[in-house]
Amino acid sequence: MQKVRQLIRPEQIRELSLLLIIILIVIFFGSQIENYYSARTFQRISSSVMIIMVVAVGETMVVLTRNIDLSVSSMVGFTAYLAGQQVSQNDNLSPAVVVLLAVSFGALLGLINGLLVAYGKIPAIVVTLGTLAIYRGALVEYGHSKNILVRDLPDWLVNLPRETLFSVGELDIRLLAGLAFIIVIIFQMVLLFLPYGRRLYAIGSSPDAARIAGLPARRIVLLAYVLCGALSGLGGFIYLSRIGTVGTTAAQGLHMQVIAAVVVGGVNIFGGSGTMIGMMLGAILMGILEQSLIRMQINEFWKDAIFGMFILLAVASDALMMNRLRDLWARGAIQMRIAQDAAVQKE
């Protein structure tokens, strides 16, 4: 029993539970929707999930520090519009320059959030609720209510969502979906193996203890917001290529889906625990629900209500069940260490 406790962490239990829920939901919708088990269904789900997944990677890093960023939808919309406007007016811009423009502008917006939260010491929910409206208002003023249309975009950008990374039978794995998955894996490695990742957990678990230990908490939180902004900028580029027609209301409400993916994925809203893999499973679950409910012609109101219900259930389970599991796991680890030390002393 102790060996099982050592091998399986509470976060892994959440991830396995999510995987089981995803399987059950797919089976349910497969019994309700005709031709549900098809490559087309997978393409729809992966296309809707990839933007959420990329932006949620940045949101996860912020939430791990016991903060939040509600402005990600405005950052995605603003960067999508800005990149679309520039590429439509300058046909000679290379793909790398367009991506760099979107990521850099997103990082700048994230820097503003980070400075106000980390150095201004203003509560994150207040700052990002304010910048959610400010960035959207700035976009409306900047865009003058004009839309970026598909016909204004270069062919390479319009065709990008259809670019295939590789195929498995009739199933095509799209390039952008593969990019989103690679980003999740890279940042999961950051959390596991780099000092910065471990410091995110330390700050979220106990900001005061992290400060006493000498960790540069403000710089770490600031960088988390900058990375969140940069990934929102990349999400804006993907949004532009996938949607094509971008207006001043682009990506409105996306922050709710992103936060749902993060929280349902097992990232503790109070910081200190969670993984990118769990977040990815949460994003996939949200994508399956969204696309399946659309195909069942469920009212938009009920779709949002279901998302809200999943957020409440995730927070409640984290506060009750997962916290208890973490305490049991920690107690088991301490008992195991005591038993090992006793065995060494006997030898």
# chains A, B, ... in the order shown; residues from 1 in each chain; ligands from 1

call {"tool": "residues_around", "arguments": {"residues": "Arg136 of chain A", "least_positions_apart": "2", "cutoff": "12 Å", "atoms": "only C-alpha atoms", "output": "compact mmCIF listing (two decimals) with C-alpha atoms, in the first residue's frame"}}
result
# COMPACT_ATOMS: atom_id res chain seq x y z
CA SER A 71 -7.74 39.39 -19.48
CA VAL A 72 -6.55 36.54 -21.73
CA SER A 73 -9.58 36.78 -24.03
CA SER A 74 -8.92 40.47 -24.69
CA MET A 75 -5.22 39.76 -25.27
CA VAL A 76 -6.07 37.01 -27.77
CA GLY A 77 -8.54 39.28 -29.56
CA PHE A 78 -6.19 42.27 -29.67
CA THR A 79 -3.17 40.28 -30.93
CA TYR A 81 -6.61 41.81 -34.86
CA LEU A 109 0.18 43.26 -22.44
CA THR A 128 -7.01 41.61 -14.82
CA LEU A 129 -10.72 42.36 -14.60
CA GLY A 130 -9.78 45.96 -15.31
CA THR A 131 -7.37 45.13 -18.16
CA LEU A 132 -9.96 42.74 -19.61
CA ALA A 133 -12.11 45.82 -20.24
CA ILE A 134 -9.23 48.21 -20.99
CA ALA A 138 -8.33 49.83 -26.75
CA LEU A 139 -9.02 47.26 -29.48
CA VAL A 140 -12.37 48.88 -30.31
CA GLU A 141 -10.68 52.29 -30.52
CA TYR A 142 -7.77 50.92 -32.55
CA GLY A 143 -9.94 48.90 -34.94
CA SER A 145 -15.21 48.75 -35.78
CA GLY A 247 -13.44 41.95 -35.52
CA THR A 248 -13.22 43.96 -32.33
CA THR A 249 -15.25 41.31 -30.48
CA ALA A 250 -12.79 38.53 -31.38
CA ALA A 251 -12.32 35.83 -28.71
CA GLN A 252 -14.84 37.50 -26.38
CA GLY A 253 -15.59 35.17 -23.47

call {"tool": "closest_atom_pairs", "arguments": {"of": "segment 52-139 of chain A", "to": "segment 210-230 of chain A", "cutoff": "8 Å", "atoms": "only C-alpha atoms", "output": "CSV"}}
result
residue,atom,partner,partner_atom,distance
A:Val55,CA,A:Cys228,CA,7.0
A:Val57,CA,A:Cys228,CA,7.4
A:Gly58,CA,A:Cys228,CA,3.7
A:Glu59,CA,A:Cys228,CA,5.8
A:Met61,CA,A:Ala224,CA,5.8
A:Val62,CA,A:Ala224,CA,5.5
A:Thr65,CA,A:Val221,CA,6.7
A:Asp69,CA,A:Tyr225,CA,7.9
A:Val72,CA,A:Gly229,CA,7.2
A:Met75,CA,A:Gly229,CA,7.0
A:Ala102,CA,A:Ala230,CA,7.8
A:Val103,CA,A:Ala230,CA,4.6
A:Ser104,CA,A:Ala230,CA,6.3
A:Phe105,CA,A:Ala230,CA,7.4
A:Gly106,CA,A:Gly229,CA,4.5
A:Ala107,CA,A:Ala230,CA,4.1
A:Leu108,CA,A:Val226,CA,7.1
A:Leu109,CA,A:Gly229,CA,6.1
A:Gly110,CA,A:Gly229,CA,4.1
A:Leu111,CA,A:Val226,CA,4.9
A:Asn113,CA,A:Tyr225,CA,6.6
A:Gly114,CA,A:Leu222,CA,4.4
A:Leu115,CA,A:Leu222,CA,6.3
A:Val117,CA,A:Leu222,CA,7.8
A:Ala118,CA,A:Arg218,CA,4.9
A:Tyr119,CA,A:Arg218,CA,6.6

call {"tool": "select_by_dssp", "arguments": {"residues": "segment 102-322 of chain A", "states": "helix (DSSP H, G or I)", "output": "ChimeraX atom specification"}}
result
/A:102-119,124-143,150-152,155-162,175-193,195-205,207-212,217-243,254-264,276-295,300-322

call {"tool": "closest_residue", "arguments": {"among": "A:Ile51, A:Asn159, A:Leu18, A:Ser46", "to": "Gly233 of chain A", "atoms": "only C-alpha atoms"}}
result
A:Ile51

call {"tool": "closest_residue", "arguments": {"among": "A:Val263, A:Ile122, A:Ile52, A:Leu234", "to": "Leu101 of chain A", "atoms": "only C-alpha atoms"}}
result
A:Leu234

call {"tool": "atom_distance", "arguments": {"atom1": "atom CA of Ile185 of chain A", "atom2": "atom CA of Ala316 of chain A"}}
result
27.5 Å

call {"tool": "residues_around", "arguments": {"residues": "Gly282 of chain A", "least_positions_apart": "5", "cutoff": "10 Å", "atoms": "only C-alpha atoms", "output": "list in words"}}
result
Glu15, Leu18, Leu19, Ile22, Val49, Met53, Ala56, Gln257, Val258, Ile259, Ala260, Ala261, Val262, Val263, Val264, Gly265, Gly266, Val267, Met276, Ile277, Gly287, Ile288 and Phe310 of chain A

call {"tool": "residues_around", "arguments": {"residues": "Gly271 of chain A", "least_positions_apart": "6", "cutoff": "6 Å", "atoms": "only C-alpha atoms", "output": "PDB file with N, CA and C atoms, in the first residue's frame"}}
result
ATOM      1  N   VAL A  63      -1.916  30.780 -12.355  1.00  0.00           N
ATOM      2  CA  VAL A  63      -2.745  30.224 -11.273  1.00  0.00           C
ATOM      3  C   VAL A  63      -1.890  29.462 -10.266  1.00  0.00           C
ATOM      4  N   LEU A  64      -0.813  28.824 -10.718  1.00  0.00           N
ATOM      5  CA  LEU A  64       0.079  28.113  -9.799  1.00  0.00           C
ATOM      6  C   LEU A  64       0.685  29.047  -8.758  1.00  0.00           C
ATOM      7  N   THR A  65       0.821  30.344  -9.097  1.00  0.00           N
ATOM      8  CA  THR A  65       1.384  31.323  -8.154  1.00  0.00           C
ATOM      9  C   THR A  65       0.322  31.941  -7.252  1.00  0.00           C
ATOM     10  N   ARG A  66      -0.878  31.378  -7.272  1.00  0.00           N
ATOM     11  CA  ARG A  66      -2.003  31.866  -6.467  1.00  0.00           C
ATOM     12  C   ARG A  66      -2.543  33.203  -7.000  1.00  0.00           C
ATOM     13  N   GLY A 204       3.062  29.487  -4.896  1.00  0.00           N
ATOM     14  CA  GLY A 204       1.635  29.214  -4.777  1.00  0.00           C
ATOM     15  C   GLY A 204       1.275  28.496  -3.493  1.00  0.00           C
TER      16      GLY A 204
END

call {"tool": "residues_around", "arguments": {"residues": "Phe29 of chain A", "least_positions_apart": "5", "cutoff": "12 Å", "atoms": "only C-alpha atoms", "output": "list in words"}}
result
Ile22, Ile23, Leu24, Glu34, Asn35, Tyr36, Tyr37, Thr41, Ile288, Leu289, Glu290, Gln291, Ser292, Leu293, Ile294, Arg295 and Met296 of chain A

call {"tool": "select_by_dssp", "arguments": {"residues": "segment 32-260 of chain A", "states": "strand (DSSP E)", "output": "PyMOL selection string"}}
result
chain A and resi 164-168+171-174

call {"tool": "closest_residue", "arguments": {"among": "A:Ser241, A:Val246, A:Ile203, A:Leu20", "to": "Leu82 of chain A", "atoms": "only C-alpha atoms"}}
result
A:Val246

call {"tool": "atom_distance", "arguments": {"atom1": "atom CA of Ile148 of chain A", "atom2": "atom CA of Asn92 of chain A"}}
result
17.4 Å

call {"tool": "atom_distance", "arguments": {"atom1": "atom CA of Leu194 of chain A", "atom2": "atom CA of Met50 of chain A"}}
result
24.9 Å

call {"tool": "closest_residue", "arguments": {"among": "A:Ile284, A:Asn268, A:Phe166, A:Asp155", "to": "Val26 of chain A", "atoms": "only C-alpha atoms"}}
result
A:Ile284

call {"tool": "residues_around", "arguments": {"residues": "Leu93 of chain A", "least_positions_apart": "5", "cutoff": "12 Å", "atoms": "only C-alpha atoms", "output": "list in words"}}
result
Ala83, Gly84, Gln85, Gln86, Val87, Ser88, Val98, Val99, Leu100, Leu101, Leu153, Pro154, Trp156 and Leu157 of chain A
